[in-house]
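Listing of protein12.txt; format and content: compact mmCIF, C-alpha atoms.
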# COMPACT_ATOMS: atom_id res chain seq x y z
CA MET A 1 72.60 125.28 95.86
CA LYS A 2 76.15 124.36 95.06
CA LEU A 3 77.50 121.02 96.26
CA GLU A 4 80.40 122.70 98.05
CA SER A 5 78.14 124.79 100.26
CA PHE A 6 76.84 121.67 102.03
CA PHE A 7 80.28 121.07 103.51
CA PRO A 8 81.69 123.78 105.76
CA ILE A 9 84.94 121.81 105.62
CA TRP A 10 85.00 121.70 101.79
CA ASP A 11 88.23 123.67 101.40
CA LYS A 12 90.03 121.25 103.70
CA ILE A 13 88.97 118.17 101.73
CA GLU A 14 91.86 116.93 99.61
CA PRO A 15 91.59 117.91 95.87
CA GLU A 16 91.33 114.30 94.71
CA GLN A 17 88.37 113.62 97.02
CA GLN A 18 86.73 116.96 96.13
CA GLU A 19 86.92 115.89 92.51
CA LYS A 20 85.37 112.49 93.28
CA LEU A 21 82.43 114.10 95.04
CA ARG A 22 81.93 116.73 92.31
CA LYS A 23 82.07 114.22 89.46
CA SER A 24 79.72 111.69 91.03
CA ALA A 25 77.05 113.95 92.53
CA VAL A 26 73.82 114.00 90.54
CA LYS A 27 71.08 116.61 90.91
CA GLN A 28 67.75 114.83 91.26
CA THR A 29 64.16 115.94 91.56
CA ILE A 30 62.13 113.80 93.92
CA LYS A 31 58.38 114.05 93.47
CA LYS A 32 56.21 114.78 96.49
CA GLY A 33 55.03 111.52 98.04
CA SER A 34 57.70 109.30 96.53
CA ILE A 35 59.85 107.06 98.68
CA LEU A 36 63.56 107.78 98.58
CA CYS A 37 64.70 104.82 100.59
CA ASP A 38 62.83 102.05 102.21
CA GLY A 39 64.36 100.33 105.19
CA GLY A 40 67.77 99.57 103.80
CA LYS A 41 66.48 97.59 100.84
CA GLU A 42 67.72 100.26 98.50
CA CYS A 43 70.84 102.25 99.11
CA THR A 44 70.41 105.62 97.47
CA GLY A 45 73.51 107.30 98.83
CA LEU A 46 74.20 110.56 100.58
CA VAL A 47 71.28 112.93 99.91
CA LEU A 48 71.82 116.70 100.19
CA VAL A 49 68.57 118.66 100.27
CA CYS A 50 68.80 121.79 98.08
CA ASP A 51 65.14 122.72 98.11
CA GLY A 52 62.20 120.80 99.53
CA LEU A 53 61.36 118.64 102.49
CA LEU A 54 62.07 115.02 103.37
CA ARG A 55 60.67 112.97 106.21
CA ALA A 56 62.32 110.00 107.95
CA TYR A 57 59.83 107.70 109.63
CA MET A 58 59.47 104.26 111.13
CA LEU A 59 56.67 101.82 110.45
CA SER A 60 55.25 99.32 112.91
CA GLU A 61 54.10 95.85 111.95
CA ASP A 62 50.49 96.97 111.99
CA GLY A 63 51.16 99.99 109.80
CA ARG A 64 51.43 102.83 112.29
CA GLU A 65 53.96 105.51 111.48
CA VAL A 66 56.05 107.90 113.52
CA THR A 67 58.22 110.67 112.16
CA VAL A 68 61.77 110.38 113.46
CA TYR A 69 62.98 113.63 111.93
CA ARG A 70 62.52 115.92 108.98
CA LEU A 71 65.18 117.17 106.59
CA PHE A 72 65.00 120.77 105.45
CA ASN A 73 67.03 122.80 102.96
CA ARG A 74 70.81 122.46 103.53
CA ASP A 75 70.33 119.21 105.48
CA ILE A 76 72.26 116.06 104.65
CA CYS A 77 70.52 112.69 104.89
CA LEU A 78 72.96 110.03 106.08
CA LEU A 79 70.47 107.23 106.49
CA CYS A 80 69.81 106.88 102.76
CA ALA A 81 73.39 105.59 102.65
CA SER A 82 72.95 103.17 105.51
CA CYS A 83 74.34 100.27 103.46
CA VAL A 84 77.72 101.98 103.84
CA MET A 85 77.51 101.81 107.62
CA THR A 86 78.59 98.57 109.16
CA ASN A 87 76.37 98.59 112.18
CA ILE A 88 73.08 100.07 111.07
CA GLN A 89 70.19 97.71 111.54
CA PHE A 90 66.96 99.64 111.62
CA ASP A 91 64.23 100.16 109.12
CA ILE A 92 63.72 103.78 108.32
CA ILE A 93 61.73 105.06 105.40
CA ILE A 94 62.53 108.40 103.78
CA GLU A 95 59.82 110.06 101.73
CA ALA A 96 59.51 113.44 100.05
CA GLU A 97 56.89 115.58 101.77
CA GLN A 98 57.28 118.24 99.10
CA ASP A 99 58.78 118.20 95.60
CA THR A 100 62.43 118.12 96.50
CA GLU A 101 65.59 118.97 94.63
CA ALA A 102 68.67 117.25 95.99
CA TRP A 103 72.22 116.25 95.23
CA VAL A 104 72.74 112.51 95.47
CA ILE A 105 76.21 111.07 96.02
CA PRO A 106 76.41 107.32 95.30
CA PRO A 107 77.07 105.15 98.35
CA TRP A 108 80.37 103.71 97.09
CA ILE A 109 81.74 107.22 96.48
CA TYR A 110 80.62 108.31 99.94
CA LYS A 111 82.30 105.24 101.40
CA SER A 112 85.58 105.69 99.56
CA VAL A 113 85.85 109.43 100.31
CA GLN A 114 85.15 108.70 103.95
CA GLU A 115 87.89 106.09 103.98
CA GLU A 116 90.37 108.40 102.28
CA SER A 117 89.70 111.82 103.77
CA LEU A 118 90.20 112.45 107.48
CA VAL A 119 88.43 115.80 107.46
CA PHE A 120 85.42 114.31 105.62
CA SER A 121 85.30 111.36 108.02
CA ASN A 122 85.34 113.72 111.01
CA TYR A 123 82.56 115.80 109.51
CA MET A 124 80.44 112.70 108.95
CA ASN A 125 81.03 111.87 112.62
CA ASP A 126 79.57 115.25 113.55
CA LEU A 127 76.57 114.67 111.31
CA MET A 128 75.98 111.23 112.78
CA ALA A 129 76.07 112.71 116.27
CA MET A 130 73.49 115.27 115.18
CA ASN A 131 71.28 112.49 113.83
CA LEU A 132 71.62 110.63 117.11
CA SER A 133 70.72 113.81 118.95
CA GLU A 134 67.58 114.29 116.87
CA VAL A 135 66.46 110.72 117.38
CA MET A 136 66.98 111.13 121.14
CA TRP A 137 64.84 114.25 120.99
CA THR A 138 62.10 112.19 119.37
CA VAL A 139 62.40 109.56 122.09
CA GLU A 140 62.04 112.27 124.73
CA GLN A 141 59.01 113.72 122.98
CA VAL A 142 57.29 110.39 122.57
CA MET A 143 58.12 109.20 126.05
CA TRP A 144 57.46 112.26 128.11
CA LYS A 145 55.31 114.77 126.28
CA SER A 146 51.56 114.47 126.18
CA VAL A 147 49.76 114.40 122.86
CA ASP A 148 48.38 117.94 123.20
CA LYS A 149 51.87 119.43 123.49
CA ARG A 150 53.22 117.37 120.62
CA LEU A 151 50.22 118.23 118.44
CA ALA A 152 50.61 121.94 119.19
CA ALA A 153 54.36 121.75 118.39
CA PHE A 154 53.63 119.90 115.15
CA LEU A 155 51.00 122.41 113.96
CA ILE A 156 53.39 125.29 114.64
CA GLU A 157 56.29 123.57 112.85
CA GLU A 158 54.03 122.74 109.91
CA SER A 159 52.78 126.30 109.63
CA ASN A 160 56.41 127.50 109.56
CA VAL A 161 57.36 124.93 106.94
CA GLU A 162 54.40 125.72 104.69
CA ASN A 163 54.49 129.41 105.55
CA THR A 164 50.73 129.62 106.10
CA LEU A 165 48.26 129.39 108.96
CA THR A 166 45.89 127.30 106.87
CA LEU A 167 47.31 123.78 106.82
CA LYS A 168 46.10 121.39 104.17
CA ILE A 169 46.62 118.16 106.05
CA THR A 170 44.43 115.25 107.09
CA HIS A 171 44.09 113.98 110.65
CA GLU A 172 45.50 110.68 109.40
CA LYS A 173 48.71 112.40 108.24
CA ILE A 174 49.11 114.23 111.54
CA ALA A 175 48.63 110.95 113.40
CA ASN A 176 51.39 109.41 111.28
CA HIS A 177 53.77 112.17 112.24
CA LEU A 178 53.05 111.80 115.93
CA GLY A 179 52.87 108.00 116.00
CA THR A 180 49.40 107.98 117.46
CA ALA A 181 45.92 106.97 116.29
CA ARG A 182 43.79 109.15 113.99
CA GLU A 183 40.97 109.18 116.55
CA VAL A 184 43.30 110.66 119.17
CA VAL A 185 44.29 113.48 116.81
CA THR A 186 40.67 114.19 115.85
CA ARG A 187 39.62 114.34 119.47
CA MET A 188 42.47 116.69 120.39
CA LEU A 189 41.90 118.94 117.36
CA LYS A 190 38.24 119.29 118.32
CA HIS A 191 39.36 120.24 121.80
CA PHE A 192 41.74 122.84 120.27
CA GLN A 193 38.78 124.14 118.24
CA THR A 194 36.61 124.46 121.34
CA GLU A 195 39.44 126.38 122.96
CA GLY A 196 39.51 128.79 120.01
CA MET A 197 42.98 127.84 118.81
CA VAL A 198 42.08 126.30 115.43
CA ASN A 199 39.25 126.10 112.93
CA LEU A 200 38.61 122.70 111.38
CA ARG A 201 37.42 122.14 107.82
CA ARG A 202 37.53 119.06 105.60
CA GLY A 203 41.22 118.32 104.99
CA GLU A 204 42.22 121.62 106.59
CA VAL A 205 43.37 122.91 109.94
CA GLU A 206 43.40 126.69 110.25
CA ILE A 207 45.39 128.16 113.11
CA ILE A 208 43.48 131.13 114.53
CA ASP A 209 45.33 131.69 117.81
CA LEU A 210 49.03 131.00 117.34
CA ASN A 211 50.01 132.52 120.68
CA LYS A 212 47.72 130.24 122.62
CA LEU A 213 48.99 127.25 120.66
CA GLU A 214 52.58 128.24 121.39
CA GLY A 215 51.74 128.55 125.05
CA LEU A 216 50.76 124.88 125.06
CA GLN A 217 54.13 123.52 123.92
CA MET B 1 91.08 93.11 129.13
CA LYS B 2 93.79 94.85 127.17
CA LEU B 3 93.12 98.26 125.70
CA GLU B 4 94.10 97.06 122.23
CA SER B 5 91.44 94.37 122.16
CA PHE B 6 88.67 96.98 122.16
CA PHE B 7 89.73 98.14 118.72
CA PRO B 8 89.62 95.57 115.91
CA ILE B 9 91.46 98.18 113.85
CA TRP B 10 94.23 98.64 116.44
CA ASP B 11 97.05 97.43 114.18
CA LYS B 12 96.06 99.95 111.53
CA ILE B 13 96.16 102.91 113.92
CA GLU B 14 99.34 104.93 113.39
CA PRO B 15 102.07 104.24 116.06
CA GLU B 16 101.99 107.81 117.37
CA GLN B 17 98.23 107.64 118.00
CA GLN B 18 98.49 104.13 119.47
CA GLU B 19 100.99 105.55 121.91
CA LYS B 20 98.72 108.47 122.81
CA LEU B 21 95.85 106.12 123.59
CA ARG B 22 98.05 103.72 125.58
CA LYS B 23 99.66 106.45 127.66
CA SER B 24 96.44 108.28 128.51
CA ALA B 25 94.08 105.39 129.20
CA VAL B 26 93.38 104.86 132.88
CA LYS B 27 91.87 101.72 134.38
CA GLN B 28 89.04 102.72 136.71
CA THR B 29 86.69 100.88 139.01
CA ILE B 30 83.21 102.32 139.07
CA LYS B 31 81.13 101.35 142.07
CA LYS B 32 77.65 99.92 141.53
CA GLY B 33 75.09 102.72 141.59
CA SER B 34 77.49 105.55 140.90
CA ILE B 35 76.87 107.99 138.07
CA LEU B 36 79.54 108.06 135.40
CA CYS B 37 78.22 111.00 133.46
CA ASP B 38 75.24 113.17 133.96
CA GLY B 39 73.74 114.91 130.98
CA GLY B 40 76.81 116.47 129.50
CA LYS B 41 77.71 118.40 132.63
CA GLU B 42 80.78 116.30 133.09
CA CYS B 43 82.81 114.92 130.25
CA THR B 44 84.42 111.70 131.37
CA GLY B 45 85.84 110.57 128.04
CA LEU B 46 85.67 107.37 126.07
CA VAL B 47 84.72 104.53 128.42
CA LEU B 48 85.67 100.94 127.50
CA VAL B 49 83.86 98.35 129.61
CA CYS B 50 86.24 95.55 130.67
CA ASP B 51 84.00 93.88 133.21
CA GLY B 52 80.65 95.01 134.53
CA LEU B 53 77.48 96.69 133.31
CA LEU B 54 76.59 100.28 132.53
CA ARG B 55 73.18 101.73 131.78
CA ALA B 56 72.40 104.80 129.69
CA TYR B 57 69.08 106.39 130.54
CA MET B 58 67.05 109.53 130.10
CA LEU B 59 65.18 111.39 132.79
CA SER B 60 61.95 113.31 132.35
CA GLU B 61 61.16 116.56 134.14
CA ASP B 62 58.98 114.72 136.61
CA GLY B 63 61.64 112.12 137.37
CA ARG B 64 60.60 109.16 135.23
CA GLU B 65 63.44 107.14 133.72
CA VAL B 66 63.84 105.07 130.61
CA THR B 67 66.82 102.92 129.70
CA VAL B 68 68.14 103.83 126.27
CA TYR B 69 70.70 101.07 126.16
CA ARG B 70 73.02 98.99 128.31
CA LEU B 71 76.74 98.53 127.89
CA PHE B 72 78.20 95.10 128.48
CA ASN B 73 81.76 93.76 128.53
CA ARG B 74 83.75 94.81 125.44
CA ASP B 75 81.36 97.71 124.74
CA ILE B 76 82.58 101.25 124.19
CA CYS B 77 80.57 104.15 125.58
CA LEU B 78 80.78 107.14 123.25
CA LEU B 79 78.26 109.32 125.02
CA CYS B 80 80.45 109.88 128.08
CA ALA B 81 82.61 111.86 125.68
CA SER B 82 79.74 113.87 124.25
CA CYS B 83 81.55 117.18 124.91
CA VAL B 84 83.87 116.16 122.06
CA MET B 85 80.99 115.93 119.63
CA THR B 86 79.92 119.18 118.08
CA ASN B 87 76.26 118.46 117.61
CA ILE B 88 75.21 116.45 120.65
CA GLN B 89 72.49 118.13 122.63
CA PHE B 90 70.71 115.57 124.74
CA ASP B 91 70.80 114.69 128.37
CA ILE B 92 71.78 111.14 128.97
CA ILE B 93 72.85 109.73 132.29
CA ILE B 94 75.23 106.79 132.53
CA GLU B 95 75.28 104.78 135.74
CA ALA B 96 76.98 101.58 136.81
CA GLU B 97 74.45 98.81 137.33
CA GLN B 98 77.18 96.52 138.62
CA ASP B 99 80.69 97.20 139.94
CA THR B 100 82.43 97.94 136.69
CA GLU B 101 86.04 97.94 135.60
CA ALA B 102 86.73 100.12 132.61
CA TRP B 103 89.42 101.90 130.63
CA VAL B 104 88.81 105.63 130.44
CA ILE B 105 90.39 107.71 127.68
CA PRO B 106 90.27 111.47 128.36
CA PRO B 107 88.06 113.45 125.99
CA TRP B 108 90.85 115.64 124.61
CA ILE B 109 92.92 112.55 123.72
CA TYR B 110 89.90 110.95 122.07
CA LYS B 111 89.31 114.17 120.12
CA SER B 112 92.89 114.56 118.98
CA VAL B 113 93.32 110.91 117.94
CA GLN B 114 90.08 111.15 116.00
CA GLU B 115 91.31 114.26 114.23
CA GLU B 116 94.66 112.66 113.42
CA SER B 117 93.86 109.06 112.57
CA LEU B 118 91.65 108.22 109.62
CA VAL B 119 91.20 104.60 110.61
CA PHE B 120 90.23 105.60 114.16
CA SER B 121 87.79 108.22 112.87
CA ASN B 122 86.15 105.66 110.59
CA TYR B 123 85.83 103.18 113.42
CA MET B 124 84.20 105.83 115.63
CA ASN B 125 81.76 106.44 112.77
CA ASP B 126 80.83 102.76 112.87
CA LEU B 127 80.35 102.91 116.64
CA MET B 128 78.20 106.01 116.37
CA ALA B 129 76.05 104.28 113.77
CA MET B 130 75.66 101.35 116.15
CA ASN B 131 74.60 103.73 118.92
CA LEU B 132 72.06 105.31 116.60
CA SER B 133 70.81 101.87 115.71
CA GLU B 134 70.32 100.93 119.36
CA VAL B 135 68.48 104.13 120.15
CA MET B 136 66.20 103.51 117.17
CA TRP B 137 65.53 100.04 118.52
CA THR B 138 64.46 101.61 121.81
CA VAL B 139 62.15 103.99 119.97
CA GLU B 140 60.59 101.05 118.18
CA GLN B 141 60.13 99.17 121.44
CA VAL B 142 58.60 102.10 123.26
CA MET B 143 56.39 103.11 120.37
CA TRP B 144 55.08 99.82 119.17
CA LYS B 145 55.50 97.13 121.78
CA SER B 146 53.04 96.64 124.58
CA VAL B 147 54.24 96.65 128.18
CA ASP B 148 53.78 92.89 128.64
CA LYS B 149 56.17 92.11 125.78
CA ARG B 150 58.73 94.64 126.97
CA LEU B 151 58.49 93.39 130.54
CA ALA B 152 58.99 89.79 129.41
CA ALA B 153 61.99 90.80 127.29
CA PHE B 154 63.47 92.74 130.19
CA LEU B 155 63.12 89.86 132.69
CA ILE B 156 64.79 87.49 130.23
CA GLU B 157 67.65 89.92 129.53
CA GLU B 158 68.10 90.54 133.23
CA SER B 159 68.22 86.83 134.00
CA ASN B 160 70.91 86.40 131.32
CA VAL B 161 72.91 89.33 132.66
CA GLU B 162 72.75 88.14 136.28
CA ASN B 163 72.95 84.49 135.29
CA THR B 164 70.09 83.48 137.61
CA LEU B 165 66.35 82.93 137.46
CA THR B 166 65.86 84.69 140.81
CA LEU B 167 66.11 88.40 140.12
CA LYS B 168 66.73 90.72 143.03
CA ILE B 169 65.07 93.81 141.64
CA THR B 170 62.29 96.12 142.77
CA HIS B 171 59.23 96.97 140.70
CA GLU B 172 60.38 100.59 140.81
CA LYS B 173 63.68 99.67 139.12
CA ILE B 174 61.95 97.67 136.44
CA ALA B 175 59.61 100.61 135.80
CA ASN B 176 62.64 102.87 135.39
CA HIS B 177 64.09 100.57 132.77
CA LEU B 178 60.87 100.46 130.80
CA GLY B 179 59.95 104.11 131.21
CA THR B 180 56.59 103.29 132.72
CA ALA B 181 54.93 103.66 136.12
CA ARG B 182 55.61 101.31 139.05
CA GLU B 183 51.91 100.48 139.32
CA VAL B 184 51.85 99.28 135.72
CA VAL B 185 54.80 96.95 136.38
CA THR B 186 53.24 95.61 139.59
CA ARG B 187 49.94 94.90 137.84
CA MET B 188 51.64 93.15 134.95
CA LEU B 189 53.91 91.09 137.25
CA LYS B 190 50.87 89.94 139.20
CA HIS B 191 49.30 88.92 135.91
CA PHE B 192 52.49 87.00 135.02
CA GLN B 193 52.27 85.30 138.44
CA THR B 194 48.67 84.28 137.86
CA GLU B 195 49.75 82.83 134.51
CA GLY B 196 52.44 80.77 136.25
CA MET B 197 55.40 82.51 134.67
CA VAL B 198 56.91 84.12 137.77
CA ASN B 199 56.82 83.98 141.55
CA LEU B 200 56.81 87.28 143.40
CA ARG B 201 58.50 87.89 146.75
CA ARG B 202 59.55 91.11 148.44
CA GLY B 203 62.28 92.66 146.26
CA GLU B 204 62.46 89.50 144.14
CA VAL B 205 61.06 88.18 140.91
CA GLU B 206 61.64 84.46 140.33
CA ILE B 207 61.17 83.20 136.79
CA ILE B 208 59.50 79.79 136.94
CA ASP B 209 58.44 79.33 133.32
CA LEU B 210 61.09 80.80 131.03
CA ASN B 211 59.63 79.21 127.89
CA LYS B 212 56.25 80.79 128.41
CA LEU B 213 57.91 84.14 129.10
CA GLU B 214 59.95 83.83 125.94
CA GLY B 215 56.81 83.06 123.99
CA LEU B 216 55.41 86.43 125.04
CA GLN B 217 58.16 88.56 123.51

Just give me the structure as structure tokens.
Amino acid sequence: MKLESFFPIWDKIEPEQQEKLRKSAVKQTIKKGSILCDGGKECTGLVLVCDGLLRAYMLSEDGREVTVYRLFNRDICLLCASCVMTNIQFDIIIEAEQDTEAWVIPPWIYKSVQEESLVFSNYMNDLMAMNLSEVMWTVEQVMWKSVDKRLAAFLIEESNVENTLTLKITHEKIANHLGTAREVVTRMLKHFQTEGMVNLRRGEVEIIDLNKLEGLQ
Amino acid sequence: MKLESFFPIWDKIEPEQQEKLRKSAVKQTIKKGSILCDGGKECTGLVLVCDGLLRAYMLSEDGREVTVYRLFNRDICLLCASCVMTNIQFDIIIEAEQDTEAWVIPPWIYKSVQEESLVFSNYMNDLMAMNLSEVMWTVEQVMWKSVDKRLAAFLIEESNVENTLTLKITHEKIANHLGTAREVVTRMLKHFQTEGMVNLRRGEVEIIDLNKLEGLQ
């Protein structure tokens, strides 16, 4: 994917700033499982996902995780450049869920282009609003939706992402996405199995009745 | 409070845009309990809190509430202008917790100044990041903190806001702030009373051991 295609407003960015972005962007390959940024300690920069999958999650003091959102192809990760933002004070960890190819724009370039280009600054505002919207969605899910609905939604999303009905994923991993305990996930998956929606095998969840699962959401 | 004092970058805003903001801003008094914006249906504009207290909360399908954040004096509420933002898709309700005096800038003025002034656009980016940060904080609280800690933190905040140790607030209202059930709040308050931290009376919670309460957080 070309750098330009990440920005619908590319043609309106001033030539000097276009050049800055083009010259500084580096294509990187991020190995599955590696941590891209870790609670503001590092400041990677603006990350543009060409091909792969990233996950933004929060970690509690006792090690529980919850996925805040996932970044798919064509998504831009703002939070890896949180050092640029004056008022950001949370600890978010971004990891690669799949081998991921991405453009990375260094934080100081991101900052200077934002300070120089009105159209770029406005677009970043839109992106930030979208981020806020996604985080709100997570709050709503966590606050109001019961675990069975969230588990069903997660299995369906995962099967779309991986393009298969046979998910190679541990109960532990699912629990980390949903911010709940492994035991809760295991219990609910067994219930789903009894209901004929999934088949469970070691390290695998096979969806056998997608319609029924979708009806749960 | 003067309009200018809400924007640390006021002097850097171009004169034409300064003028637009000055001419369009209207000082409003919002009565305690009234709803300022309701899930994107109305689009009030940018709201600058001069004196008072606003609360942003979400509502579940079955009527439970949770406070996402509160806006104090000198705070700017971006979400009342969510119609301006391209990617905002959540339902947030803003209500006045106290009689509140605020400047209101119409959404179309906010939008046009943002599109014309680089320094204003950058400042709005900072504010949006701060909003995101606060919402994340709420997620963390809701996900990881037990009700006793959140209740203690809320009572302390409330006593600071109202500047008194005798809080006139119902258990229902507290539950709405914390996104939990009234029964849970009542049970926990009774526990706090047994522990000598509060005294309960009809429609009142009196803090009698602030130190102990603070130790709980």

Handout entry: Coordinates-based distance that separates atom CA of A:Ile174 from atom CA of A:Gly203 (Å, one decimal)
Key = 11.0 Å

Practice task
Point out the residue among A:Ile109, A:Val68, A:Val104, A:Ile207 with the least atom-to-atom distance to chain B, counting all atoms listed in the file.
Solution key: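 Closest residue, counting all atoms listed in the file: A:Val68.
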
Handout entry: Selected residue, from A:Leu48, A:Met58, A:Ala96, A:Val198, that lies nearest to A:Arg74 when counting all atoms listed in the file
Key =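 With all atoms listed in the file as the atom set, the closest residue is A:Leu48.
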
Handout entry: Which residue of B:Leu200, B:Val147, B:Val142, B:Ala175 approaches chain A most closely, using only C-alpha atoms
Key =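 Closest residue, counting only C-alpha atoms: B:Val142.
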
Exercise for the section: Kindly provide, as a VMD selection string, the residues of chain B having any atom no farther than 8 Å from an atom of chain A, counting only C-alpha atoms. Expected result: chain B and resid 58 60 85 to 90 114 to 119 121 to 122 124 to 133 135 to 137 139 to 140 142 to 144 179

Handout entry: Contact residues around A:Cys77 with only C-alpha atoms at 8 Å, ignoring same-chain residues under 4 positions, as a VMD selection string
Key = chain A and resid 46 to 49 71 81

Practice task
Show which residues sit within 8 Å of stretch 97-102 of chain A, as a PyMOL selection string. Count only C-alpha atoms, and ignore same-chain residues fewer than 6 positions away.
Solution key: chain A and resi 27-33+47-55

Problem - Between atom CA of A:Glu19 and atom CA of A:Cys80, distance in Å (one decimal) - result: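 Between atom CA of A:Glu19 and atom CA of A:Cys80 the gap works out to 21.9 Å.
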
Practice task
Figure out the distance between atom CA of A:Thr44 and atom CA of A:Trp103, please, to one decimal in Å.
Solution key: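 Between these atoms lies a distance of 11.0 Å.
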
Problem - Polymer residues at most 12 Å from A:Gln18, only C-alpha atoms, same-chain spacing of 2 or more positions, as a list in words - result: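 Surrounding residues, per the criterion: Leu3, Glu4, Phe7, Ile9, Trp10, Asp11, Lys12, Ile13, Glu14, Pro15, Glu16, Lys20, Leu21, Arg22, Lys23, Ser24, Ala25, Ile109, Tyr110, Ser112, Val113, Gln114, Glu116, Ser117, Val119 and Phe120 of chain A.
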
Exercise for the section: Kindly indicate which residue among B:Lys168, B:His177, B:His191, B:Lys149 lies nearest to B:Arg70, using all atoms listed in the file for the distances. Expected result: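 Of B:Lys168, B:His177, B:His191, B:Lys149, the one nearest B:Arg70, counting all atoms listed in the file, is B:His177.
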
Fill in the blank from the handout: Counting all atoms listed in the file, the residue among B:Pro8, B:Gly215, B:Gly45, B:Pro106 that lies closest to B:Met197 is B:Gly215

Exercise for the section: Might you pull out every residue within 10 Å of B:Val205, with all atoms listed in the file counted and same-chain residues fewer than 4 positions away left off, and present them as a PyMOL selection string? Expected result: chain B and resi 155+165-171+189+193+198-201

Practice task
Can you work out which one of A:Thr186, A:Glu214, A:Met1, A:Cys37 has the shortest atom-to-atom distance to A:Arg202, counting all atoms listed in the file?
Solution key: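 For A:Arg202, the nearest of the candidates is A:Thr186.
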
Exercise for the section: For B:Phe154, list every protein, DNA or RNA residue within 10 Å, evaluated using only C-alpha atoms, and leave out those in the same chain fewer than 4 positions away; present the list as a list in words. Expected result: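 My reading of the contact set: Asp148, Lys149, Arg150, Glu158, Ser159, Asn160, Ile174, His177, Leu178 and Gln217 of chain B.
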
Can you spit out the residues from that selection as a compact mmCIF listing (two decimals), in the coordinates of the input, using C-alpha atoms?
# COMPACT_ATOMS: atom_id res chain seq x y z
CA ASP B 148 53.78 92.89 128.64
CA LYS B 149 56.17 92.11 125.78
CA ARG B 150 58.73 94.64 126.97
CA GLU B 158 68.10 90.54 133.23
CA SER B 159 68.22 86.83 134.00
CA ASN B 160 70.91 86.40 131.32
CA ILE B 174 61.95 97.67 136.44
CA HIS B 177 64.09 100.57 132.77
CA LEU B 178 60.87 100.46 130.80
CA GLN B 217 58.16 88.56 123.51
